[in-house]
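Each remark here refers to the structure printed beneath this line.
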Amino acid sequence: EGKEKTFHIIYHEASHQYIHLYMGREVDIPTWLNEGVAEYFFGGEFQANGSFTIGVNRERIGTMKEALRTNKYVLLEEIFRYTQAQYYANSEMCYAEGWAIAYFLWRTPNKLYAGRLDKYYEVLRSTGDAEQARGEAFGDLDMARFEEDWKKFILDL
């Protein structure tokens with residue numbers, strides 16, 4: 001457990017380094033994205049053949065499912081705008097939710113969401129503007145439907 005968890009933490013922390021290098025130090029990366037993607041990579045494992053696969057984050061899935069079942073999660077519209085202080089004030093919930101957002105956007109078979117997180121990354125990287133990135137990546141979505149599709153996907157895991 002200890003050695004395995006250490007490696008997962010390393011994957012999490014390494015993803016922060018990658019995101020910052022990719023975006024550039026001058027870009028203020030929204031906390032949901034920074035921590036959510038780091039938690040996505042936390043779920044990774046090296047296989048015997050040397051490949052790296054990413055599965056469900058076992059540290060976060062229970063928290064997220066319970067929050068969705070009891071409606072004690074942060075609305076997507078809100079968490080996308082959370083400051084780092086707001087995110088860390090409810091860190092157990094927000095880390096789980098950040099993970100669930102990244103996992104959904106990269107793993108859902110629903111074509112409506114294909115490429116949206118990559119679009120967010122690209123706009124944020126080129127403009128440094130999180131609101132513009134959110135608008136270009138998610139602005140054409142019905143947010144209520146987005147949230148319902150996301151909730152169903154996570155609850156079905």
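Labels used: A, B, ... for chains in the order of the structure tokens, numbers from 1 for residues in each chain, and numbers from 1 for ligands as shown.
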
Each range 7-90 of chain A residue no farther than 12 Å from range 114-126 of chain A, nearest pair in Å, only C-alpha atoms, as a Markdown table:
| residue | atom | partner | partner_atom | distance |
| --- | --- | --- | --- | --- |
| A:Ile19 | CA | A:Tyr121 | CA | 9.3 |
| A:His20 | CA | A:Arg125 | CA | 9.9 |
| A:Leu21 | CA | A:Arg125 | CA | 10.4 |
| A:Tyr22 | CA | A:Arg125 | CA | 7.7 |
| A:Met23 | CA | A:Arg125 | CA | 4.9 |
| A:Gly24 | CA | A:Arg125 | CA | 7.4 |
| A:Arg25 | CA | A:Arg125 | CA | 10.2 |
| A:Glu26 | CA | A:Arg125 | CA | 9.6 |
| A:Val27 | CA | A:Arg125 | CA | 7.0 |
| A:Asp28 | CA | A:Leu124 | CA | 8.8 |
| A:Ile29 | CA | A:Leu124 | CA | 7.9 |
| A:Pro30 | CA | A:Leu124 | CA | 9.5 |
| A:Trp32 | CA | A:Leu117 | CA | 11.9 |
| A:Leu33 | CA | A:Tyr121 | CA | 9.0 |
| A:Asn34 | CA | A:Tyr121 | CA | 10.6 |
| A:Gly36 | CA | A:Leu117 | CA | 11.3 |
| A:Val37 | CA | A:Leu117 | CA | 10.1 |
| A:Phe80 | CA | A:Tyr120 | CA | 11.5 |

Go ahead and save the residues from that selection, with N, CA, C and O atoms, as a compact mmCIF listing (two decimals), in the first residue's frame.
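Okay, result_9.txt is ready:
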# COMPACT_ATOMS: atom_id res chain seq x y z
N ILE A 19 2.08 20.20 -16.64
CA ILE A 19 1.07 21.22 -16.96
C ILE A 19 1.71 22.61 -16.94
O ILE A 19 1.51 23.41 -17.85
N HIS A 20 2.49 22.89 -15.90
CA HIS A 20 3.12 24.21 -15.80
C HIS A 20 4.14 24.45 -16.90
O HIS A 20 4.21 25.54 -17.46
N LEU A 21 4.90 23.43 -17.26
CA LEU A 21 5.85 23.59 -18.35
C LEU A 21 5.13 23.75 -19.69
O LEU A 21 5.53 24.55 -20.53
N TYR A 22 4.07 22.99 -19.88
CA TYR A 22 3.31 23.04 -21.12
C TYR A 22 2.61 24.40 -21.28
O TYR A 22 2.64 25.00 -22.35
N MET A 23 1.98 24.86 -20.22
CA MET A 23 1.23 26.11 -20.27
C MET A 23 2.13 27.33 -20.29
O MET A 23 1.79 28.36 -20.87
N GLY A 24 3.24 27.23 -19.60
CA GLY A 24 4.11 28.38 -19.40
C GLY A 24 3.87 28.95 -18.02
O GLY A 24 2.73 28.97 -17.54
N ARG A 25 4.91 29.39 -17.41
CA ARG A 25 4.82 29.88 -16.03
C ARG A 25 3.91 31.10 -15.87
O ARG A 25 3.41 31.37 -14.79
N GLU A 26 3.69 31.84 -16.93
CA GLU A 26 2.87 33.06 -16.83
C GLU A 26 1.37 32.77 -16.84
O GLU A 26 0.56 33.63 -16.52
N VAL A 27 0.97 31.55 -17.19
CA VAL A 27 -0.45 31.20 -17.26
C VAL A 27 -0.94 30.77 -15.89
O VAL A 27 -0.36 29.89 -15.25
N ASP A 28 -2.01 31.41 -15.43
CA ASP A 28 -2.66 31.05 -14.17
C ASP A 28 -3.61 29.89 -14.47
O ASP A 28 -4.67 30.10 -15.08
N ILE A 29 -3.24 28.71 -14.06
CA ILE A 29 -4.01 27.51 -14.37
C ILE A 29 -5.11 27.35 -13.33
O ILE A 29 -4.83 27.31 -12.13
N PRO A 30 -6.37 27.27 -13.77
CA PRO A 30 -7.47 27.08 -12.81
C PRO A 30 -7.24 25.83 -11.96
O PRO A 30 -6.77 24.80 -12.46
N TRP A 32 -9.25 23.68 -10.63
CA TRP A 32 -9.98 22.45 -10.99
C TRP A 32 -9.21 21.69 -12.06
O TRP A 32 -9.17 20.46 -12.05
N LEU A 33 -8.60 22.41 -13.00
CA LEU A 33 -7.86 21.78 -14.07
C LEU A 33 -6.53 21.22 -13.55
O LEU A 33 -6.19 20.06 -13.79
N ASN A 34 -5.79 22.03 -12.83
CA ASN A 34 -4.49 21.63 -12.32
C ASN A 34 -4.60 20.41 -11.41
O ASN A 34 -3.90 19.41 -11.59
N GLY A 36 -7.42 18.52 -10.92
CA GLY A 36 -8.22 17.46 -11.54
C GLY A 36 -7.40 16.57 -12.46
O GLY A 36 -7.50 15.34 -12.42
N VAL A 37 -6.56 17.18 -13.27
CA VAL A 37 -5.70 16.41 -14.17
C VAL A 37 -4.65 15.65 -13.36
O VAL A 37 -4.33 14.49 -13.66
N PHE A 80 -15.70 25.52 -11.92
CA PHE A 80 -14.86 26.04 -13.00
C PHE A 80 -14.31 27.43 -12.67
O PHE A 80 -13.31 27.85 -13.23

Please return as number ranges by chain: the residues of range 1-152 of chain A that backbone DSSP assigns to helix (DSSP H, G or I).
A: 2-23, 31-42, 61-69, 76-79, 84-89, 91-107, 111-113, 116-127, 130-138, 143-152

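Here the residues within chain A that DSSP labels strand (DSSP E or B) on the basis of the backbone are Gly44, Glu45, Phe46, Phe52, Thr53 and Ile54 of chain A.
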
Please dump the current selection as a compact mmCIF listing (two decimals), in the first residue's frame; keep all heavy atoms.
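Final file, selection_22.txt:
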# COMPACT_ATOMS: atom_id res chain seq x y z
N GLY A 44 -3.02 6.29 -12.52
CA GLY A 44 -2.21 5.54 -13.48
C GLY A 44 -1.40 4.43 -12.84
O GLY A 44 -1.13 4.44 -11.64
N GLU A 45 -1.03 3.47 -13.70
CA GLU A 45 -0.18 2.36 -13.25
C GLU A 45 0.67 1.87 -14.41
O GLU A 45 0.18 1.78 -15.54
CB GLU A 45 -1.02 1.20 -12.74
CG GLU A 45 -1.84 1.56 -11.53
CD GLU A 45 -2.24 0.35 -10.71
OE1 GLU A 45 -1.48 -0.63 -10.68
OE2 GLU A 45 -3.31 0.41 -10.10
N PHE A 46 1.91 1.57 -14.11
CA PHE A 46 2.76 0.93 -15.11
C PHE A 46 2.43 -0.55 -15.14
O PHE A 46 2.29 -1.20 -14.10
CB PHE A 46 4.25 1.14 -14.80
CG PHE A 46 4.74 2.47 -15.25
CD1 PHE A 46 4.87 3.52 -14.37
CD2 PHE A 46 5.08 2.69 -16.59
CE1 PHE A 46 5.31 4.77 -14.79
CE2 PHE A 46 5.52 3.93 -17.02
CZ PHE A 46 5.64 4.96 -16.12
N PHE A 52 1.84 2.47 -19.63
CA PHE A 52 1.22 3.21 -18.53
C PHE A 52 -0.26 3.32 -18.85
O PHE A 52 -0.64 3.86 -19.88
CB PHE A 52 1.85 4.60 -18.41
CG PHE A 52 1.42 5.37 -17.20
CD1 PHE A 52 1.90 5.05 -15.94
CD2 PHE A 52 0.54 6.43 -17.31
CE1 PHE A 52 1.53 5.78 -14.82
CE2 PHE A 52 0.14 7.17 -16.20
CZ PHE A 52 0.65 6.83 -14.96
N THR A 53 -1.09 2.77 -17.99
CA THR A 53 -2.53 2.86 -18.19
C THR A 53 -3.15 3.66 -17.06
O THR A 53 -2.64 3.66 -15.94
CB THR A 53 -3.19 1.46 -18.25
OG1 THR A 53 -2.93 0.78 -17.03
CG2 THR A 53 -2.66 0.65 -19.42
N ILE A 54 -4.24 4.33 -17.38
CA ILE A 54 -4.92 5.14 -16.37
C ILE A 54 -6.31 4.57 -16.14
O ILE A 54 -7.10 4.41 -17.08
CB ILE A 54 -5.00 6.61 -16.81
CG1 ILE A 54 -3.58 7.15 -16.94
CG2 ILE A 54 -5.82 7.42 -15.81
CD1 ILE A 54 -3.48 8.53 -17.50

May I have the residues within 12 Å of Met93 in chain A as a short mmCIF file (atom, residue, chain, number, x, y, z; two decimals) with all heavy atoms, in the first residue's frame, using only C-alpha atoms and disregarding those fewer than 6 positions away in the same chain?
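Once written, selection17.cif looks like this:
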data_model
loop_
_atom_site.label_atom_id
_atom_site.label_comp_id
_atom_site.auth_asym_id
_atom_site.auth_seq_id
_atom_site.Cartn_x
_atom_site.Cartn_y
_atom_site.Cartn_z
N TRP A 32 -9.25 23.68 -10.63
CA TRP A 32 -9.98 22.45 -10.99
C TRP A 32 -9.21 21.69 -12.06
O TRP A 32 -9.17 20.46 -12.05
CB TRP A 32 -11.41 22.75 -11.46
CG TRP A 32 -11.51 23.31 -12.84
CD1 TRP A 32 -11.56 24.63 -13.20
CD2 TRP A 32 -11.54 22.58 -14.08
NE1 TRP A 32 -11.61 24.76 -14.57
CE2 TRP A 32 -11.61 23.51 -15.13
CE3 TRP A 32 -11.53 21.22 -14.40
CZ2 TRP A 32 -11.66 23.14 -16.48
CZ3 TRP A 32 -11.57 20.83 -15.74
CH2 TRP A 32 -11.64 21.80 -16.76
N GLU A 35 -5.49 20.47 -10.43
CA GLU A 35 -5.64 19.36 -9.49
C GLU A 35 -6.43 18.20 -10.11
O GLU A 35 -6.14 17.04 -9.83
CB GLU A 35 -6.29 19.82 -8.19
CG GLU A 35 -5.46 20.81 -7.41
CD GLU A 35 -4.10 20.28 -6.93
OE1 GLU A 35 -3.82 19.07 -7.05
OE2 GLU A 35 -3.31 21.10 -6.43
N GLY A 36 -7.42 18.52 -10.92
CA GLY A 36 -8.22 17.46 -11.54
C GLY A 36 -7.40 16.57 -12.46
O GLY A 36 -7.50 15.34 -12.42
N GLU A 59 -8.81 6.42 -4.88
CA GLU A 59 -8.80 7.30 -3.70
C GLU A 59 -9.96 8.30 -3.75
O GLU A 59 -10.31 8.88 -2.71
CB GLU A 59 -7.49 8.09 -3.63
CG GLU A 59 -6.26 7.24 -3.51
CD GLU A 59 -5.99 6.80 -2.09
OE1 GLU A 59 -6.23 7.59 -1.16
OE2 GLU A 59 -5.55 5.65 -1.91
N ARG A 60 -10.52 8.54 -4.94
CA ARG A 60 -11.52 9.62 -5.10
C ARG A 60 -12.91 9.14 -5.48
O ARG A 60 -13.89 9.85 -5.25
CB ARG A 60 -11.03 10.62 -6.15
CG ARG A 60 -9.70 11.25 -5.85
CD ARG A 60 -9.72 12.09 -4.60
NE ARG A 60 -8.42 12.70 -4.34
CZ ARG A 60 -8.10 13.26 -3.21
NH1 ARG A 60 -8.95 13.33 -2.22
NH2 ARG A 60 -6.89 13.78 -3.05
N ILE A 61 -13.02 7.98 -6.07
CA ILE A 61 -14.32 7.55 -6.63
C ILE A 61 -15.41 7.44 -5.57
O ILE A 61 -16.54 7.86 -5.79
CB ILE A 61 -14.18 6.23 -7.44
CG1 ILE A 61 -15.49 5.88 -8.15
CG2 ILE A 61 -13.70 5.08 -6.58
CD1 ILE A 61 -15.91 6.83 -9.22
N GLY A 62 -15.09 6.92 -4.40
CA GLY A 62 -16.11 6.78 -3.35
C GLY A 62 -16.65 8.12 -2.89
O GLY A 62 -17.87 8.30 -2.75
N THR A 63 -15.75 9.06 -2.66
CA THR A 63 -16.14 10.41 -2.25
C THR A 63 -17.04 11.04 -3.30
O THR A 63 -18.07 11.64 -2.98
CB THR A 63 -14.89 11.29 -2.03
OG1 THR A 63 -14.11 10.72 -0.99
CG2 THR A 63 -15.26 12.72 -1.67
N MET A 64 -16.65 10.87 -4.57
CA MET A 64 -17.40 11.52 -5.64
C MET A 64 -18.78 10.91 -5.80
O MET A 64 -19.78 11.62 -5.95
CB MET A 64 -16.61 11.42 -6.97
CG MET A 64 -17.13 12.35 -8.03
SD MET A 64 -16.88 14.09 -7.57
CE MET A 64 -18.56 14.67 -7.56
N LYS A 65 -18.86 9.59 -5.78
CA LYS A 65 -20.17 8.95 -5.93
C LYS A 65 -21.11 9.34 -4.79
O LYS A 65 -22.28 9.61 -5.02
CB LYS A 65 -20.01 7.43 -6.00
CG LYS A 65 -19.54 6.94 -7.35
CD LYS A 65 -19.57 5.43 -7.41
CE LYS A 65 -19.33 4.94 -8.80
NZ LYS A 65 -19.56 3.49 -8.93
N GLU A 66 -20.59 9.36 -3.58
CA GLU A 66 -21.42 9.75 -2.44
C GLU A 66 -21.90 11.19 -2.59
O GLU A 66 -23.06 11.51 -2.33
CB GLU A 66 -20.65 9.56 -1.12
CG GLU A 66 -21.43 9.95 0.12
CD GLU A 66 -22.68 9.12 0.35
OE1 GLU A 66 -22.81 7.99 -0.18
OE2 GLU A 66 -23.56 9.61 1.09
N ALA A 67 -21.02 12.08 -3.00
CA ALA A 67 -21.38 13.49 -3.20
C ALA A 67 -22.45 13.63 -4.28
O ALA A 67 -23.38 14.44 -4.14
CB ALA A 67 -20.15 14.31 -3.56
N LEU A 68 -22.34 12.86 -5.35
CA LEU A 68 -23.34 12.93 -6.42
C LEU A 68 -24.68 12.36 -5.97
O LEU A 68 -25.73 12.92 -6.27
CB LEU A 68 -22.84 12.19 -7.67
CG LEU A 68 -21.65 12.84 -8.38
CD1 LEU A 68 -21.14 11.93 -9.49
CD2 LEU A 68 -21.99 14.22 -8.90
N ASN A 71 -26.19 14.95 -3.62
CA ASN A 71 -26.17 16.33 -4.13
C ASN A 71 -25.33 17.26 -3.27
O ASN A 71 -25.70 18.40 -3.02
CB ASN A 71 -27.60 16.88 -4.29
CG ASN A 71 -28.28 16.28 -5.50
OD1 ASN A 71 -27.67 16.16 -6.57
ND2 ASN A 71 -29.52 15.87 -5.33
N LYS A 72 -24.17 16.78 -2.83
CA LYS A 72 -23.26 17.59 -2.01
C LYS A 72 -21.98 17.89 -2.76
O LYS A 72 -20.92 18.04 -2.15
CB LYS A 72 -22.99 16.88 -0.69
CG LYS A 72 -24.24 16.81 0.15
CD LYS A 72 -23.99 16.40 1.56
CE LYS A 72 -25.30 16.51 2.33
NZ LYS A 72 -25.35 15.70 3.50
N TYR A 73 -22.07 18.00 -4.06
CA TYR A 73 -20.92 18.34 -4.89
C TYR A 73 -21.05 19.82 -5.27
O TYR A 73 -22.06 20.46 -4.99
CB TYR A 73 -20.88 17.46 -6.15
CG TYR A 73 -22.06 17.66 -7.05
CD1 TYR A 73 -21.99 18.53 -8.13
CD2 TYR A 73 -23.26 17.00 -6.82
CE1 TYR A 73 -23.08 18.74 -8.96
CE2 TYR A 73 -24.36 17.20 -7.64
CZ TYR A 73 -24.26 18.06 -8.70
OH TYR A 73 -25.35 18.27 -9.52
N VAL A 74 -20.02 20.35 -5.90
CA VAL A 74 -20.03 21.73 -6.35
C VAL A 74 -20.55 21.74 -7.79
O VAL A 74 -20.08 20.97 -8.63
CB VAL A 74 -18.61 22.34 -6.30
CG1 VAL A 74 -18.62 23.79 -6.75
CG2 VAL A 74 -18.03 22.21 -4.89
N LEU A 75 -21.50 22.60 -8.09
CA LEU A 75 -22.00 22.71 -9.46
C LEU A 75 -20.84 22.99 -10.41
O LEU A 75 -19.92 23.74 -10.06
CB LEU A 75 -23.05 23.82 -9.56
CG LEU A 75 -24.32 23.63 -8.75
CD1 LEU A 75 -25.18 24.89 -8.84
CD2 LEU A 75 -25.10 22.42 -9.21
N ILE A 79 -17.46 25.33 -9.82
CA ILE A 79 -16.10 24.82 -9.61
C ILE A 79 -15.16 25.29 -10.72
O ILE A 79 -13.98 25.49 -10.48
CB ILE A 79 -16.07 23.29 -9.43
CG1 ILE A 79 -14.78 22.89 -8.69
CG2 ILE A 79 -16.22 22.56 -10.76
CD1 ILE A 79 -14.79 21.51 -8.11
N GLN A 86 -10.90 28.69 -2.46
CA GLN A 86 -12.20 28.02 -2.39
C GLN A 86 -12.04 26.51 -2.59
O GLN A 86 -12.67 25.72 -1.91
CB GLN A 86 -13.14 28.58 -3.46
CG GLN A 86 -13.62 29.97 -3.20
CD GLN A 86 -14.39 30.52 -4.39
OE1 GLN A 86 -13.87 30.54 -5.51
NE2 GLN A 86 -15.61 30.96 -4.15
N TYR A 87 -11.23 26.13 -3.56
CA TYR A 87 -11.01 24.72 -3.87
C TYR A 87 -10.39 24.00 -2.68
O TYR A 87 -10.86 22.93 -2.27
CB TYR A 87 -10.08 24.64 -5.08
CG TYR A 87 -10.08 23.32 -5.82
CD1 TYR A 87 -10.95 23.10 -6.88
CD2 TYR A 87 -9.19 22.32 -5.48
CE1 TYR A 87 -10.92 21.91 -7.60
CE2 TYR A 87 -9.16 21.12 -6.18
CZ TYR A 87 -10.03 20.92 -7.24
OH TYR A 87 -10.00 19.74 -7.93
N TRP A 99 -10.97 15.43 -10.30
CA TRP A 99 -10.67 14.15 -10.94
C TRP A 99 -11.83 13.70 -11.81
O TRP A 99 -11.64 13.30 -12.97
CB TRP A 99 -10.35 13.06 -9.90
CG TRP A 99 -10.47 11.71 -10.53
CD1 TRP A 99 -9.56 11.12 -11.37
CD2 TRP A 99 -11.58 10.83 -10.47
NE1 TRP A 99 -10.06 9.91 -11.82
CE2 TRP A 99 -11.30 9.72 -11.28
CE3 TRP A 99 -12.82 10.88 -9.81
CZ2 TRP A 99 -12.18 8.66 -11.45
CZ3 TRP A 99 -13.71 9.83 -9.97
CH2 TRP A 99 -13.38 8.73 -10.78
N ALA A 100 -13.05 13.74 -11.26
CA ALA A 100 -14.22 13.24 -11.98
C ALA A 100 -14.49 14.03 -13.25
O ALA A 100 -14.93 13.45 -14.26
CB ALA A 100 -15.45 13.27 -11.06
#

Just give me the gap between CA of Gln132 in chain A and CA of Gly98 in chain A in Å, one decimal is fine.
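It comes out at 19.2 Å.
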
Between CA of Glu147 in chain A and CA of Asn90 in chain A, what is the spacing in Å?
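It comes out at 19.7 Å.
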